[in-house]
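J.: Got run.txt for you, compact mmCIF, C-alpha atoms:
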# COMPACT_ATOMS: atom_id res chain seq x y z
CA MET A 1 35.48 -23.27 22.44
CA SER A 2 36.72 -19.68 22.64
CA SER A 3 35.65 -17.19 19.98
CA GLU A 4 39.30 -16.72 19.00
CA THR A 5 39.74 -20.47 18.38
CA LYS A 6 36.45 -20.63 16.47
CA ASN A 7 37.45 -17.72 14.22
CA ARG A 8 40.87 -19.28 13.56
CA ARG A 9 39.24 -22.58 12.49
CA GLN A 10 36.85 -20.72 10.20
CA MET A 11 39.73 -18.92 8.48
CA ASP A 12 41.53 -22.26 8.00
CA THR A 13 38.44 -23.73 6.30
CA PRO A 14 38.82 -24.07 2.48
CA GLY A 15 36.76 -21.48 0.66
CA PHE A 16 36.48 -19.13 3.64
CA ASP A 17 36.32 -15.55 2.41
CA PRO A 18 36.89 -12.91 5.11
CA ALA A 19 35.79 -10.15 2.73
CA ARG A 20 32.44 -11.86 2.17
CA ARG A 21 31.94 -12.28 5.92
CA SER A 22 32.66 -8.57 6.46
CA PHE A 23 30.18 -7.68 3.72
CA LEU A 24 27.40 -9.80 5.24
CA SER A 25 28.08 -8.30 8.67
CA ALA A 26 27.84 -4.81 7.22
CA MET A 27 24.55 -5.68 5.50
CA ALA A 28 23.11 -6.97 8.76
CA ALA A 29 24.17 -3.80 10.57
CA ALA A 30 22.50 -1.69 7.90
CA ALA A 31 19.06 -3.26 8.41
CA GLY A 32 17.73 -0.08 10.01
CA VAL A 33 19.11 2.46 7.57
CA THR A 34 16.87 5.30 6.44
CA LEU A 35 15.90 4.95 2.77
CA ALA A 36 14.06 8.24 2.37
CA PRO A 37 12.56 10.86 4.70
CA GLY A 38 10.11 9.05 6.92
CA VAL A 39 10.86 5.60 5.45
CA MET A 40 12.74 2.87 7.28
CA LEU A 41 13.92 -0.51 6.08
CA TYR A 42 13.79 -3.23 8.69
CA GLY A 43 15.72 -6.46 9.12
CA ILE A 44 12.93 -9.06 9.27
CA SER A 45 12.92 -12.79 9.93
CA LYS A 46 10.04 -15.10 9.11
CA THR A 47 9.22 -15.47 12.79
CA SER A 48 9.32 -11.79 13.70
CA GLN A 49 6.38 -9.44 13.81
CA VAL A 50 7.59 -6.00 12.79
CA SER A 51 5.50 -2.87 12.73
CA ALA A 52 5.86 0.03 10.33
CA LYS A 53 4.91 2.28 13.24
CA ALA A 54 7.30 4.09 15.52
CA ALA A 55 8.99 2.01 18.19
CA ASP A 56 6.59 3.25 20.84
CA ALA A 57 3.48 2.25 18.83
CA GLU A 58 4.05 -1.23 17.45
CA ALA A 59 1.42 -3.28 15.64
CA SER A 60 -0.73 -5.25 18.05
CA GLY A 61 -1.93 -8.83 17.68
CA ALA A 62 -5.12 -7.77 19.43
CA VAL A 63 -6.12 -6.03 16.19
CA ARG A 64 -7.01 -7.72 12.88
CA TRP A 65 -7.39 -5.12 10.17
CA GLY A 66 -9.83 -6.06 7.43
CA MET A 67 -12.16 -4.75 4.78
CA LEU A 68 -15.76 -5.52 3.86
CA ILE A 69 -16.72 -4.75 0.26
CA ASP A 70 -20.41 -4.66 -0.66
CA LEU A 71 -20.56 -5.61 -4.33
CA GLY A 72 -24.18 -4.51 -4.44
CA ARG A 73 -22.90 -0.95 -4.12
CA CYS A 74 -19.88 -1.34 -6.41
CA ASP A 75 -20.58 0.14 -9.84
CA SER A 76 -18.86 -1.76 -12.64
CA GLY A 77 -18.04 1.54 -14.35
CA CYS A 78 -16.42 3.07 -11.26
CA ASP A 79 -12.67 2.80 -10.70
CA ASP A 80 -12.24 5.49 -8.04
CA CYS A 81 -10.59 2.98 -5.71
CA VAL A 82 -8.02 2.09 -8.39
CA SER A 83 -7.24 5.74 -9.17
CA ALA A 84 -6.95 6.66 -5.48
CA CYS A 85 -4.54 3.77 -4.86
CA ALA A 86 -2.34 4.78 -7.77
CA LYS A 87 -2.23 8.41 -6.65
CA GLU A 88 -1.55 7.59 -3.00
CA ASN A 89 1.25 5.11 -3.68
CA GLY A 90 2.82 6.66 -6.77
CA LEU A 91 1.88 3.95 -9.26
CA HIS A 92 2.51 5.15 -12.80
CA GLY A 93 1.88 3.15 -15.95
CA SER A 94 4.77 2.52 -18.33
CA GLY A 95 2.62 1.85 -21.37
CA ARG A 96 2.77 -1.91 -20.76
CA PRO A 97 -0.60 -2.79 -19.21
CA GLU A 98 0.30 -6.49 -19.17
CA THR A 99 3.12 -5.88 -16.69
CA ASP A 100 2.33 -2.51 -15.07
CA ALA A 101 1.94 -2.73 -11.31
CA GLN A 102 -1.61 -2.95 -9.99
CA TRP A 103 -2.20 -2.96 -6.26
CA ILE A 104 -5.96 -3.02 -6.76
CA ARG A 105 -7.89 -3.84 -9.92
CA LYS A 106 -11.52 -4.25 -10.95
CA VAL A 107 -12.44 -7.67 -12.33
CA GLU A 108 -15.72 -8.88 -13.77
CA ILE A 109 -16.90 -12.22 -12.47
CA ARG A 110 -19.79 -14.18 -14.00
CA ASN A 111 -22.08 -16.73 -12.46
CA PRO A 112 -21.97 -19.73 -14.86
CA HIS A 113 -25.44 -20.85 -13.77
CA THR A 114 -27.34 -17.56 -14.10
CA GLY A 115 -25.09 -15.63 -16.47
CA SER A 116 -25.17 -12.58 -14.16
CA SER A 117 -21.94 -10.62 -13.74
CA THR A 118 -20.51 -8.62 -10.86
CA SER A 119 -17.70 -6.07 -10.68
CA LEU A 120 -15.25 -6.97 -7.94
CA PRO A 121 -12.29 -4.95 -6.57
CA MET A 122 -9.39 -7.37 -6.15
CA MET A 123 -6.25 -6.68 -4.16
CA CYS A 124 -3.99 -8.50 -1.72
CA GLN A 125 -6.41 -10.33 0.56
CA HIS A 126 -4.14 -10.04 3.63
CA CYS A 127 -4.59 -13.68 4.57
CA GLU A 128 -4.27 -15.01 8.08
CA ASN A 129 -2.24 -17.86 6.56
CA PRO A 130 -0.55 -16.16 3.59
CA PRO A 131 1.07 -18.57 1.11
CA CYS A 132 3.32 -15.75 -0.12
CA VAL A 133 5.00 -15.69 3.29
CA ASP A 134 5.39 -19.46 3.35
CA VAL A 135 7.31 -19.64 0.07
CA CYS A 136 9.50 -16.53 0.42
CA PRO A 137 13.14 -17.70 0.73
CA THR A 138 14.42 -14.51 2.38
CA GLY A 139 11.58 -13.53 4.70
CA ALA A 140 10.86 -10.42 2.61
CA SER A 141 7.17 -11.34 2.53
CA PHE A 142 5.85 -11.08 6.05
CA LYS A 143 2.68 -10.56 8.03
CA ARG A 144 2.45 -7.92 10.72
CA ALA A 145 0.95 -8.76 14.10
CA ASP A 146 -2.22 -6.89 13.09
CA GLY A 147 -2.72 -9.00 9.94
CA ILE A 148 -1.35 -6.66 7.26
CA VAL A 149 0.82 -8.55 4.75
CA LEU A 150 3.79 -6.59 3.36
CA VAL A 151 7.01 -6.94 1.36
CA ASN A 152 10.31 -5.72 2.78
CA LYS A 153 12.10 -4.12 -0.18
CA HIS A 154 15.43 -4.42 1.62
CA THR A 155 15.41 -8.22 1.44
CA CYS A 156 13.23 -8.98 -1.62
CA ILE A 157 15.39 -10.63 -4.31
CA GLY A 158 12.70 -10.65 -7.00
CA CYS A 159 12.43 -14.45 -7.25
CA ARG A 160 8.64 -14.11 -7.70
CA TYR A 161 7.84 -17.29 -5.78
CA CYS A 162 5.22 -15.28 -3.88
CA MET A 163 3.55 -14.26 -7.15
CA MET A 164 3.19 -17.90 -8.14
CA ALA A 165 1.90 -18.87 -4.70
CA CYS A 166 -0.77 -16.15 -4.48
CA PRO A 167 -4.14 -17.57 -5.60
CA TYR A 168 -5.49 -14.05 -6.09
CA LYS A 169 -2.82 -12.87 -8.56
CA ALA A 170 -2.47 -9.84 -6.32
CA ARG A 171 1.25 -9.18 -6.61
CA SER A 172 3.21 -7.30 -9.26
CA PHE A 173 6.86 -7.32 -10.31
CA VAL A 174 8.58 -4.00 -10.96
CA HIS A 175 10.27 -4.15 -14.37
CA GLU A 176 11.27 -0.51 -14.82
CA VAL A 177 13.49 1.98 -13.03
CA LEU A 178 11.16 4.16 -10.97
CA GLU A 179 11.20 7.90 -10.40
CA ASP A 180 9.14 10.32 -8.30
CA GLN A 181 8.42 7.74 -5.64
CA LYS A 182 6.31 8.40 -2.57
CA ALA A 183 8.21 8.40 0.72
CA ASP A 184 5.44 6.36 2.34
CA ALA A 185 5.48 3.70 -0.38
CA PRO A 186 9.08 2.84 -1.33
CA ARG A 187 9.35 0.75 -4.49
CA GLY A 188 12.21 -0.59 -6.57
CA LYS A 189 13.05 -2.27 -9.86
CA GLY A 190 13.46 -6.02 -9.50
CA THR A 191 11.21 -6.36 -6.48
CA VAL A 192 7.67 -7.59 -5.87
CA GLU A 193 4.90 -5.42 -4.45
CA SER A 194 1.19 -5.46 -3.65
CA CYS A 195 -1.54 -3.66 -1.71
CA THR A 196 -0.37 -2.57 1.74
CA LEU A 197 -3.82 -1.45 2.94
CA CYS A 198 -2.11 1.97 2.94
CA VAL A 199 -0.28 0.93 6.10
CA HIS A 200 1.17 4.41 6.53
CA ARG A 201 -2.37 5.77 6.74
CA VAL A 202 -3.56 3.00 9.04
CA ASP A 203 -0.69 3.65 11.44
CA ALA A 204 -1.74 7.31 11.50
CA ASP A 205 -5.35 6.35 12.36
CA ARG A 206 -6.59 7.08 8.84
CA GLN A 207 -8.51 5.04 6.26
CA PRO A 208 -6.86 3.38 3.22
CA ALA A 209 -7.01 5.65 0.17
CA CYS A 210 -9.35 3.30 -1.74
CA VAL A 211 -11.86 3.28 1.12
CA GLU A 212 -11.74 7.04 1.46
CA ALA A 213 -12.28 7.54 -2.26
CA CYS A 214 -15.16 5.06 -2.37
CA THR A 215 -16.87 6.83 0.51
CA ASP A 216 -16.38 10.30 -0.95
CA THR A 217 -17.15 9.78 -4.64
CA GLY A 218 -18.18 6.14 -5.11
CA GLY A 219 -21.05 4.12 -3.77
CA GLY A 220 -19.68 3.64 -0.28
CA ALA A 221 -19.00 -0.02 -1.00
CA MET A 222 -15.85 -0.31 1.13
CA LEU A 223 -15.71 -0.52 4.92
CA PHE A 224 -12.39 -0.79 6.78
CA GLY A 225 -11.85 -1.63 10.42
CA ASP A 226 -10.81 -4.03 13.16
CA LEU A 227 -12.32 -7.48 12.69
CA ASN A 228 -11.32 -8.43 16.24
CA ASP A 229 -13.29 -5.60 17.84
CA PRO A 230 -16.93 -6.71 18.29
CA HIS A 231 -17.96 -3.07 18.65
CA SER A 232 -16.41 -1.94 15.33
CA GLU A 233 -18.76 -1.26 12.45
CA ILE A 234 -17.10 -3.88 10.25
CA SER A 235 -17.50 -6.58 12.91
CA LYS A 236 -21.14 -5.66 13.42
CA ARG A 237 -21.87 -5.96 9.70
CA VAL A 238 -19.97 -9.22 9.31
CA ALA A 239 -21.99 -10.61 12.21
CA LYS A 240 -25.32 -9.29 10.89
CA TYR A 241 -25.02 -9.89 7.15
CA ALA A 242 -23.77 -12.86 5.18
CA SER A 243 -20.32 -12.26 3.70
CA GLN A 244 -17.96 -14.38 1.65
CA GLN A 245 -14.24 -14.92 1.22
CA VAL A 246 -12.77 -15.45 -2.23
CA ARG A 247 -11.51 -19.06 -2.38
CA ALA A 248 -12.62 -19.84 1.17
CA ASP A 249 -11.91 -23.48 0.35
CA LEU A 250 -8.17 -22.79 0.61
CA GLY A 251 -8.40 -22.06 4.34
CA LEU A 252 -6.36 -18.85 4.12
CA ASN A 253 -8.89 -16.76 6.09
CA PRO A 254 -8.46 -13.49 4.13
CA GLY A 255 -8.95 -10.16 5.84
CA ILE A 256 -10.90 -8.94 2.80
CA ARG A 257 -14.55 -10.01 2.85
CA TYR A 258 -17.28 -9.48 0.25
CA ARG A 259 -21.05 -9.10 0.40
CA ASN A 260 -23.37 -10.02 -2.48
CA LEU A 261 -20.63 -12.05 -4.14
Please re-express this file's structure in structure tokens.

T.:
Amino acid sequence: MSSETKNRRQMDTPGFDPARRSFLSAMAAAAGVTLAPGVMLYGISKTSQVSAKAADAEASGAVRWGMLIDLGRCDSGCDDCVSACAKENGLHGSGRPETDAQWIRKVEIRNPHTGSSTSLPMMCQHCENPPCVDVCPTGASFKRADGIVLVNKHTCIGCRYCMMACPYKARSFVHEVLEDQKADAPRGKGTVESCTLCVHRVDADRQPACVEACTDTGGGAMLFGDLNDPHSEISKRVAKYASQQVRADLGLNPGIRYRNL
């Protein structure tokens, strides 16, 4: 069937709206529009692996970025990782702590058998099999080839299915109009967001802000690196010391591991 005949049949179909078709075509063409200096929005399908890097330095499946957090070194009174994350990504409280965005938070967990408690930094666990990606109806939630799980603000419709699917309660919904945003961390009212492992830093061969802050002023509890590289420090420690995954029983294989949990 020729394209001309196909188009004619479509226009003869009841309910066909040429204006709507033109709008959708324009939206698809705008998938690579620049949102702010240095920030790009990408058209992403559930099966694609898209990198936030430049076209000549795409994310590689040979790498699996991860983090090892030693809770034995994490002081319950220290929140340097939380403060560094907020500063780096432009997270500002609105006076509503119940709904304010939190990309990383400190939680106290208690052993019901011994009564002992531990302070644990909780963020997106960057799962190998992320349930947030599985339930997203638009493909806005996606996993990069290198294991970093992100949300594409261009296609997020704010349905919050991913928030319900996440067993770690790691995602936040933006309720307020935002100002003074960071170019490297675009956000928007009516969309969902979570820890990005400071992907803009990672793509520039830098450490996530929380890791850097913990090393500089905290107890050095956080270690970031490539879990696929047997010569990386994080791989050596995971191989040498016992580490745990939160809710390992779910089979999600998180990229965030804990020691002394």

J.: Find, counting all atoms listed in the file, the residue in A:Pro167, A:Gly66, A:Pro97, A:Gly190 that gets nearest to Ile256 in chain A.

T.: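 So, comparing all the options, the nearest one is A:Gly66.
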
J.: Between A:Ile69, A:Glu58, A:Pro112, A:Cys210, which one has atoms that come closest to Tyr241 in chain A, using only C-alpha atoms?

T.: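 Selected residue with least distance to Tyr241 in chain A: A:Ile69.
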
J.: Which is closer to Cys166 in chain A than all the others in A:Asn260, A:Asn129, A:Ser60, A:Thr138, using all atoms listed in the file?

T.: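 The closest residue to Cys166 in chain A is A:Asn129.
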
J.: Which residues are close to Ala86 in chain A, i.e. within 10 Å by all atoms listed in the file, leaving aside same-chain residues fewer than 6 positions away? Reply as a PyMOL selection string.

T.: chain A and resi 80+92-93+101-104+209-210

J.: Can you pull out every residue within 10 Å of Gln244 in chain A, counting all atoms listed in the file, but drop anything in the same chain fewer than 6 positions away, and send it as a VMD selection string?

T.: chain A and resid 68 to 69 238 254 256 to 261

J.: Do you have the CA of Cys78 in chain A-CA of Leu223 in chain A distance handy?

T.: 16.6 Å

J.: Box along x, y and z, 3 Å on every side, all listed atoms of range 155-162 of chain A inside: centre and edge lengths in Å to one decimal, as AutoDock Vina command-line options.

T.:
--center_x 10.3 --center_y -12.8 --center_z -3.1 --size_x 16.2 --size_y 15.1 --size_z 15.1

J.: I'd like to know which of A:Thr155, A:Asn89, A:Ser172, A:Ser117 is closest to Leu197 in chain A, using only C-alpha atoms.

T.: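 Going through A:Thr155, A:Asn89, A:Ser172, A:Ser117 one by one, the smallest distance to Leu197 in chain A is for A:Asn89.
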
J.: Out of A:Lys143, A:Arg96, A:His113, A:Arg73, which residue has the shortest atom-to-atom distance to Ala59 in chain A when counting only C-alpha atoms?

T.: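 Closest to Ala59 in chain A of all the choices is A:Lys143.
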
J.: Find the residues near Ala221 in chain A: any atom within 8 Å, counting only C-alpha atoms, skip ones fewer than 3 places away on the same chain, and give them as a VMD selection string.

T.: chain A and resid 69 to 74 214 to 215 218

J.: Grab the CA of Arg110 in chain A to CA of Ser194 in chain A distance for me, in Å with one decimal place.

T.: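 Going from CA of Arg110 in chain A over to CA of Ser194 in chain A covers 25.0 Å.
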
J.: Take the point (19.3, -11.2, -4.5) as written in the file and pick out every residue within 12 Å of it, counting all atoms listed in the file; give the list as a PyMOL selection string.

T.: chain A and resi 137-138+140+153-160+190-191

J.: With all atoms listed in the file as the basis for distance, which of A:Leu227, A:Ala213, A:Val192, A:Leu178 is at the shortest distance from Asp79 in chain A?

T.: A:Ala213

J.: Could you jot down the CA of Ala242 in chain A to CA of Cys85 in chain A separation for me, Å, one decimal place?

T.: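 Spanning CA of Ala242 in chain A to CA of Cys85 in chain A is a straight-line distance of 27.3 Å.
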
J.: Write out as an MDAnalysis selection string which residues come within 10 Å of Glu179 in chain A when counting only C-alpha atoms, dropping same-chain ones fewer than 2 positions away.

T.: chainID A and resid 90 92 176:177 181:182 187:188

J.: Within 7 Å of Glu193 in chain A, counting only C-alpha atoms, which residues qualify if same-chain residues fewer than 5 places away don't, as an NGL selection string?

T.: :A and (151 or 171-173)

J.: Put range 89-100 of chain A into a file with all heavy atoms, as a PDB file, in the first residue's frame.

T.:
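Now in part.pdb:
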ATOM      1  N   ASN A  89      22.343  19.195  43.907  1.00  0.00           N
ATOM      2  CA  ASN A  89      21.227  19.027  42.981  1.00  0.00           C
ATOM      3  C   ASN A  89      20.121  20.064  43.150  1.00  0.00           C
ATOM      4  O   ASN A  89      19.071  19.957  42.511  1.00  0.00           O
ATOM      5  CB  ASN A  89      20.645  17.620  43.143  1.00  0.00           C
ATOM      6  CG  ASN A  89      21.653  16.540  42.778  1.00  0.00           C
ATOM      7  OD1 ASN A  89      22.032  16.395  41.616  1.00  0.00           O
ATOM      8  ND2 ASN A  89      22.109  15.786  43.763  1.00  0.00           N
ATOM      9  N   GLY A  90      20.358  21.053  44.009  1.00  0.00           N
ATOM     10  CA  GLY A  90      19.399  22.142  44.152  1.00  0.00           C
ATOM     11  C   GLY A  90      18.104  21.756  44.820  1.00  0.00           C
ATOM     12  O   GLY A  90      17.030  22.220  44.435  1.00  0.00           O
ATOM     13  N   LEU A  91      18.186  20.899  45.831  1.00  0.00           N
ATOM     14  CA  LEU A  91      16.983  20.470  46.552  1.00  0.00           C
ATOM     15  C   LEU A  91      16.728  21.434  47.705  1.00  0.00           C
ATOM     16  O   LEU A  91      17.546  21.553  48.619  1.00  0.00           O
ATOM     17  CB  LEU A  91      17.159  19.050  47.093  1.00  0.00           C
ATOM     18  CG  LEU A  91      17.579  17.981  46.082  1.00  0.00           C
ATOM     19  CD1 LEU A  91      17.706  16.630  46.770  1.00  0.00           C
ATOM     20  CD2 LEU A  91      16.594  17.901  44.930  1.00  0.00           C
ATOM     21  N   HIS A  92      15.599  22.120  47.661  1.00  0.00           N
ATOM     22  CA  HIS A  92      15.253  23.079  48.701  1.00  0.00           C
ATOM     23  C   HIS A  92      13.932  22.682  49.344  1.00  0.00           C
ATOM     24  O   HIS A  92      12.958  22.372  48.658  1.00  0.00           O
ATOM     25  CB  HIS A  92      15.125  24.494  48.108  1.00  0.00           C
ATOM     26  CG  HIS A  92      16.349  24.962  47.381  1.00  0.00           C
ATOM     27  ND1 HIS A  92      17.524  25.275  48.029  1.00  0.00           N
ATOM     28  CD2 HIS A  92      16.584  25.156  46.058  1.00  0.00           C
ATOM     29  CE1 HIS A  92      18.425  25.660  47.142  1.00  0.00           C
ATOM     30  NE2 HIS A  92      17.887  25.584  45.933  1.00  0.00           N
ATOM     31  N   GLY A  93      13.900  22.689  50.666  1.00  0.00           N
ATOM     32  CA  GLY A  93      12.681  22.371  51.375  1.00  0.00           C
ATOM     33  C   GLY A  93      11.630  23.440  51.190  1.00  0.00           C
ATOM     34  O   GLY A  93      11.939  24.624  50.998  1.00  0.00           O
ATOM     35  N   SER A  94      10.358  23.025  51.233  1.00  0.00           N
ATOM     36  CA  SER A  94       9.249  23.971  51.084  1.00  0.00           C
ATOM     37  C   SER A  94       8.499  24.141  52.391  1.00  0.00           C
ATOM     38  O   SER A  94       7.418  24.719  52.419  1.00  0.00           O
ATOM     39  CB  SER A  94       8.292  23.478  49.991  1.00  0.00           C
ATOM     40  OG  SER A  94       7.748  22.221  50.359  1.00  0.00           O
ATOM     41  N   GLY A  95       9.071  23.615  53.479  1.00  0.00           N
ATOM     42  CA  GLY A  95       8.384  23.689  54.760  1.00  0.00           C
ATOM     43  C   GLY A  95       7.392  22.564  54.955  1.00  0.00           C
ATOM     44  O   GLY A  95       6.613  22.578  55.907  1.00  0.00           O
ATOM     45  N   ARG A  96       7.406  21.584  54.043  1.00  0.00           N
ATOM     46  CA  ARG A  96       6.520  20.422  54.159  1.00  0.00           C
ATOM     47  C   ARG A  96       7.374  19.157  54.169  1.00  0.00           C
ATOM     48  O   ARG A  96       7.517  18.482  53.142  1.00  0.00           O
ATOM     49  CB  ARG A  96       5.526  20.381  52.994  1.00  0.00           C
ATOM     50  CG  ARG A  96       4.649  21.624  52.875  1.00  0.00           C
ATOM     51  CD  ARG A  96       3.677  21.466  51.706  1.00  0.00           C
ATOM     52  NE  ARG A  96       2.856  22.633  51.527  1.00  0.00           N
ATOM     53  CZ  ARG A  96       3.188  23.670  50.768  1.00  0.00           C
ATOM     54  NH1 ARG A  96       4.347  23.685  50.140  1.00  0.00           N
ATOM     55  NH2 ARG A  96       2.374  24.703  50.642  1.00  0.00           N
ATOM     56  N   PRO A  97       7.968  18.832  55.297  1.00  0.00           N
ATOM     57  CA  PRO A  97       8.890  17.691  55.355  1.00  0.00           C
ATOM     58  C   PRO A  97       8.269  16.374  54.933  1.00  0.00           C
ATOM     59  O   PRO A  97       8.979  15.456  54.510  1.00  0.00           O
ATOM     60  CB  PRO A  97       9.322  17.662  56.825  1.00  0.00           C
ATOM     61  CG  PRO A  97       8.281  18.436  57.566  1.00  0.00           C
ATOM     62  CD  PRO A  97       7.806  19.478  56.616  1.00  0.00           C
ATOM     63  N   GLU A  98       6.936  16.266  55.030  1.00  0.00           N
ATOM     64  CA  GLU A  98       6.290  15.006  54.645  1.00  0.00           C
ATOM     65  C   GLU A  98       6.343  14.784  53.138  1.00  0.00           C
ATOM     66  O   GLU A  98       6.303  13.636  52.669  1.00  0.00           O
ATOM     67  CB  GLU A  98       4.824  14.990  55.093  1.00  0.00           C
ATOM     68  CG  GLU A  98       4.615  15.011  56.601  1.00  0.00           C
ATOM     69  CD  GLU A  98       4.678  16.426  57.162  1.00  0.00           C
ATOM     70  OE1 GLU A  98       4.823  17.378  56.353  1.00  0.00           O
ATOM     71  OE2 GLU A  98       4.577  16.571  58.390  1.00  0.00           O
ATOM     72  N   THR A  99       6.423  15.871  52.372  1.00  0.00           N
ATOM     73  CA  THR A  99       6.398  15.740  50.909  1.00  0.00           C
ATOM     74  C   THR A  99       7.620  16.336  50.222  1.00  0.00           C
ATOM     75  O   THR A  99       7.758  16.200  49.007  1.00  0.00           O
ATOM     76  CB  THR A  99       5.142  16.414  50.330  1.00  0.00           C
ATOM     77  OG1 THR A  99       5.111  17.805  50.700  1.00  0.00           O
ATOM     78  CG2 THR A  99       3.876  15.736  50.835  1.00  0.00           C
ATOM     79  N   ASP A 100       8.501  17.007  50.960  1.00  0.00           N
ATOM     80  CA  ASP A 100       9.710  17.566  50.343  1.00  0.00           C
ATOM     81  C   ASP A 100      10.554  16.459  49.724  1.00  0.00           C
ATOM     82  O   ASP A 100      10.663  15.363  50.267  1.00  0.00           O
ATOM     83  CB  ASP A 100      10.549  18.319  51.387  1.00  0.00           C
ATOM     84  CG  ASP A 100       9.964  19.680  51.719  1.00  0.00           C
ATOM     85  OD1 ASP A 100       9.109  20.157  50.959  1.00  0.00           O
ATOM     86  OD2 ASP A 100      10.360  20.259  52.757  1.00  0.00           O
TER      87      ASP A 100
END
